[in-house]
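Chemist: Sharing a structure, written as structure tokens. Questions coming.
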Amino acid sequence: MADTLYTSWGRFPQIAQQGLRLAWRGDELPEPLEGTSSLLPYGNGRSYGDVCLNRGGTVIDTRSLNRFVSFDAETGVLRCESGVLLSQILELCVPKGWFLPVSPGTRYVTIGGALANDVHGKNHHKAGTLGCHVRALELLRSDGSRQLCTPDENADLFAATIGGLGLTGLVTWVEIALRKIDGPLLREESIKFANLQEFFRLSELSDADYEYTVAWIDCIAKGASLGRGLFARANHTDSKSQVVDVDRGARVSVPFQPPFSLINRLSLKSFNAFWYMRQRQKQHTRTIHHRPFFYPLDTIGDWNHIYGPRGMLQYQCVLPGEDGRAVLRNMLSDIASKGSGSFLVVLKIFGDRESPGMLSFPRPGVTLALDFPNTPDVFRQLDRLDAMTREVGGAVYPAKDARMSAESFQSYFPRWKEFAGFVDPAFSSSFWRRVTGDKL
Amino acid sequence: MSQVLVIGAGSAIAEATARIYAGRGDRLFLVARDAVRLDIVADDLRVRGAEQVDVLVADLTDHDRHAEIIAAAMDAMPELDIVLVAHGILPDQENCQQNVEDTLYSIDVNFLSVVALLTPLANQLEERAKGTVAVISSVAGDRGRQSNYVYGSAKSGLDAFLQGMRNRLSKSAVHVLTIKPGFVDTPMTAHIPERGILWAQPEDVAAGIVKAIDKRRNVVYLPGFWALIMLIVRSIPETIFKKLSL
């Protein structure tokens, strides 16, 4: 069934998506399936909302484009097809002493999807987004042309394609610069903090000396404890200590979809309190393999199923400046008072390294990410959060969105009209039609 | 380190299998019809760690070229440990019923060209008294069904040919493996809309092939549950079977 093959990770919206596969990068771009109007590349379906869906259109499944093209173990320059998963890059490169320059929260995304959403990670304050490390790419357009795009050649098409949500054409291959490492391990410190102020202080103290920083917060705590949580900071290490590093993929799986969401007020409250209390000491240091550090959720297969048949909505915003900090406080109060939110609520300070991407999401400020079960109230709540984000000139991450208004999108991404000029005429997506108000 | 000849290297199962050998640092020689695709696969295998990858473009229905293919492979890889024969097509049954040419062409690709290739190869391996020949057949060869008996009969003929060859070459310690995959999610089957629990990924089938070669198995169903399914399918009496719509 087509609709089980092509879903997004949030499982909302649920549409019967038709798709076809492109097996070879030398092949021509396929025509949309009969009765459908447009094309959209589809990677591994790990974006949450509708940037990877094309209702009434055809998606081009790129997962067979999973070949490496070249790798220079001296310089760390890797060229591979767009359907290669980050997990496959790690398998190849980590034993040779190289690591992804930027890692999102799951390794089960394709490099093409990572590029199209210009993903960021725990090292954004130092490394910027993935797009900052892309050296070249090939774009297959519906006019049959193949465009080599680099920061110098076809630079504007390159900038449109980085974070371009797959709309500028089909990326056949990508060349990225990897980061040298001395081994697969990291040295991680986890520090308990009592409130938001402490989070900001810890970030300021840590961001210069630690390549990776991120905080988990207890989204249920209110009042003086608002924004309490655990701050993680880490660096790669050459430690030779014996940490198990067999890639067992998902160790457990959510075996079936429960008929309702397991995330509710009660389960959230107990989990958040438990997780905060679990670490007894103020500070805990350990040597950790890169997999549990970067991809803790990858050990639970199909974790998105715990939200039940109605799926979930993710919300990730970035709030710039001093005003952003005040707004963050209001947002967290709003979330805590509703008892909504999720197990994994994440805060991080973005740095000022600019991505070449025209539609790139990260910008200097504090970013908050969390998910909500799909309940009747959640849309109103997210609209409230959007109003707050707009108020301080922030932005919401398209990769995680399924509902932002056209008005919000256009205020978050002021270059959207310029970007629209680079969209391939045969390409479209559910997201794109929604946020442009179908006016294009 | 092994030396592996892959015939039909453009097939998804062959490619996935070659990746496992490349990851082991083995030497590979790839034969396929499409030059562009062949180079794409070869580059990938080099990055994945193959010690050496050579390629040869050939249409396997051109039987006259088989001797040249074998000679070139043995020239590049004098120790030739493993030969994987993976080329094949899945013809449209209805089309074949209306068109003798299409029927015979698919019999050629799926059966005759393999026989033509294995005939000289068997003699060479017999003489050297070592090596493995692994050939991709299909569960479709276990019983003729109305929905794909042109394909199935070619694979069935192939099964009997391999049985006999195994019997003969066992005396010279040459290993002959018959591989019977079920439904595999590849470009060859991309036109079939349904995807259920019976479908396997080429990577899983590839892992099964390498394991079967390592363990010198004779016949392997991949995934393994197909052995049971086909046992049942084979045991249905013909008087009943002929009335079913399979």
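Just remember, in the structure tokens the first chain shown is A, the second B, etc., residues are 1-based per chain, and ligands are 1-based in the order shown.
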Find the residues of chain A in contact range of chain B, meaning any atom within 12 Å when counting only C-alpha atoms, and list them as number ranges by chain.

Modeler: A: 1-5, 18-27, 61, 63-73, 77-81, 84, 88-89, 91-93, 95-96, 173

Chemist: Determine which residues of stretch 53-235 of chain B receive a DSSP assignment of helix (DSSP H, G or I), computed from the backbone, and state them as a PyMOL selection string.

Modeler: chain B and resi 63-76+93-98+100-128+139-142+149-172+187-189+202-214+225-235

Chemist: Just list as an MDAnalysis selection string whatever in stretch 234-428 of chain A DSSP marks as strand (DSSP E).

Modeler: chainID A and resid 234:236 252:253 283:289 300:301 312:319 345:350 365:373 395:396

Chemist: A:Leu167, A:Leu33, A:Leu332, A:Ile300: which is nearest A:Gln381, counting only C-alpha atoms?

Modeler: A:Leu332

Chemist: Tell me, as a ChimeraX atom specification, which residues lie within 9 Å of A:His284, counting only C-alpha atoms; anything in the same chain fewer than 6 positions away does not count.

Modeler: /A:188-192

Chemist: Those same residues - all heavy atoms - I'd like them written as a CSV table (one decimal), in the first residue's frame.

Modeler:
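Generated file (part_14.csv):
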chain,number,residue,atom,x,y,z
A,188,GLU,N,31.9,13.1,28.0
A,188,GLU,CA,30.6,13.8,28.2
A,188,GLU,C,30.5,14.2,29.7
A,188,GLU,O,30.7,13.4,30.6
A,188,GLU,CB,29.4,13.0,27.8
A,188,GLU,CG,28.1,13.7,28.0
A,188,GLU,CD,26.9,12.8,28.0
A,188,GLU,OE1,27.0,11.7,28.6
A,188,GLU,OE2,25.8,13.2,27.6
A,189,GLU,N,30.1,15.4,30.0
A,189,GLU,CA,29.7,15.8,31.3
A,189,GLU,C,28.2,16.2,31.3
A,189,GLU,O,27.8,16.9,30.4
A,189,GLU,CB,30.5,17.1,31.7
A,189,GLU,CG,32.0,16.8,31.9
A,189,GLU,CD,32.8,18.1,32.0
A,189,GLU,OE1,32.2,19.1,32.5
A,189,GLU,OE2,33.9,18.2,31.6
A,190,SER,N,27.6,15.7,32.3
A,190,SER,CA,26.1,16.0,32.5
A,190,SER,C,26.0,16.8,33.7
A,190,SER,O,26.4,16.4,34.8
A,190,SER,CB,25.3,14.7,32.5
A,190,SER,OG,24.0,15.0,32.8
A,191,ILE,N,25.4,18.0,33.6
A,191,ILE,CA,25.3,18.9,34.8
A,191,ILE,C,23.9,19.3,35.0
A,191,ILE,O,23.1,19.7,34.1
A,191,ILE,CB,26.1,20.2,34.5
A,191,ILE,CG1,27.6,19.9,34.2
A,191,ILE,CG2,26.0,21.2,35.7
A,191,ILE,CD1,28.4,21.0,33.6
A,192,LYS,N,23.4,19.1,36.2
A,192,LYS,CA,22.1,19.4,36.6
A,192,LYS,C,21.9,20.9,36.8
A,192,LYS,O,22.8,21.5,37.4
A,192,LYS,CB,21.8,18.7,38.0
A,192,LYS,CG,20.5,18.1,38.1
A,192,LYS,CD,20.5,17.2,39.3
A,192,LYS,CE,19.1,16.8,39.7
A,192,LYS,NZ,19.1,15.7,40.7

Chemist: As a PyMOL selection string, please: the residues near A:Ser429 (cut-off 12 Å, only C-alpha atoms, same-chain neighbours under 6 positions excluded).

Modeler: chain A and resi 17+37-42+49-60+164-169+398+402+423+435-436+438
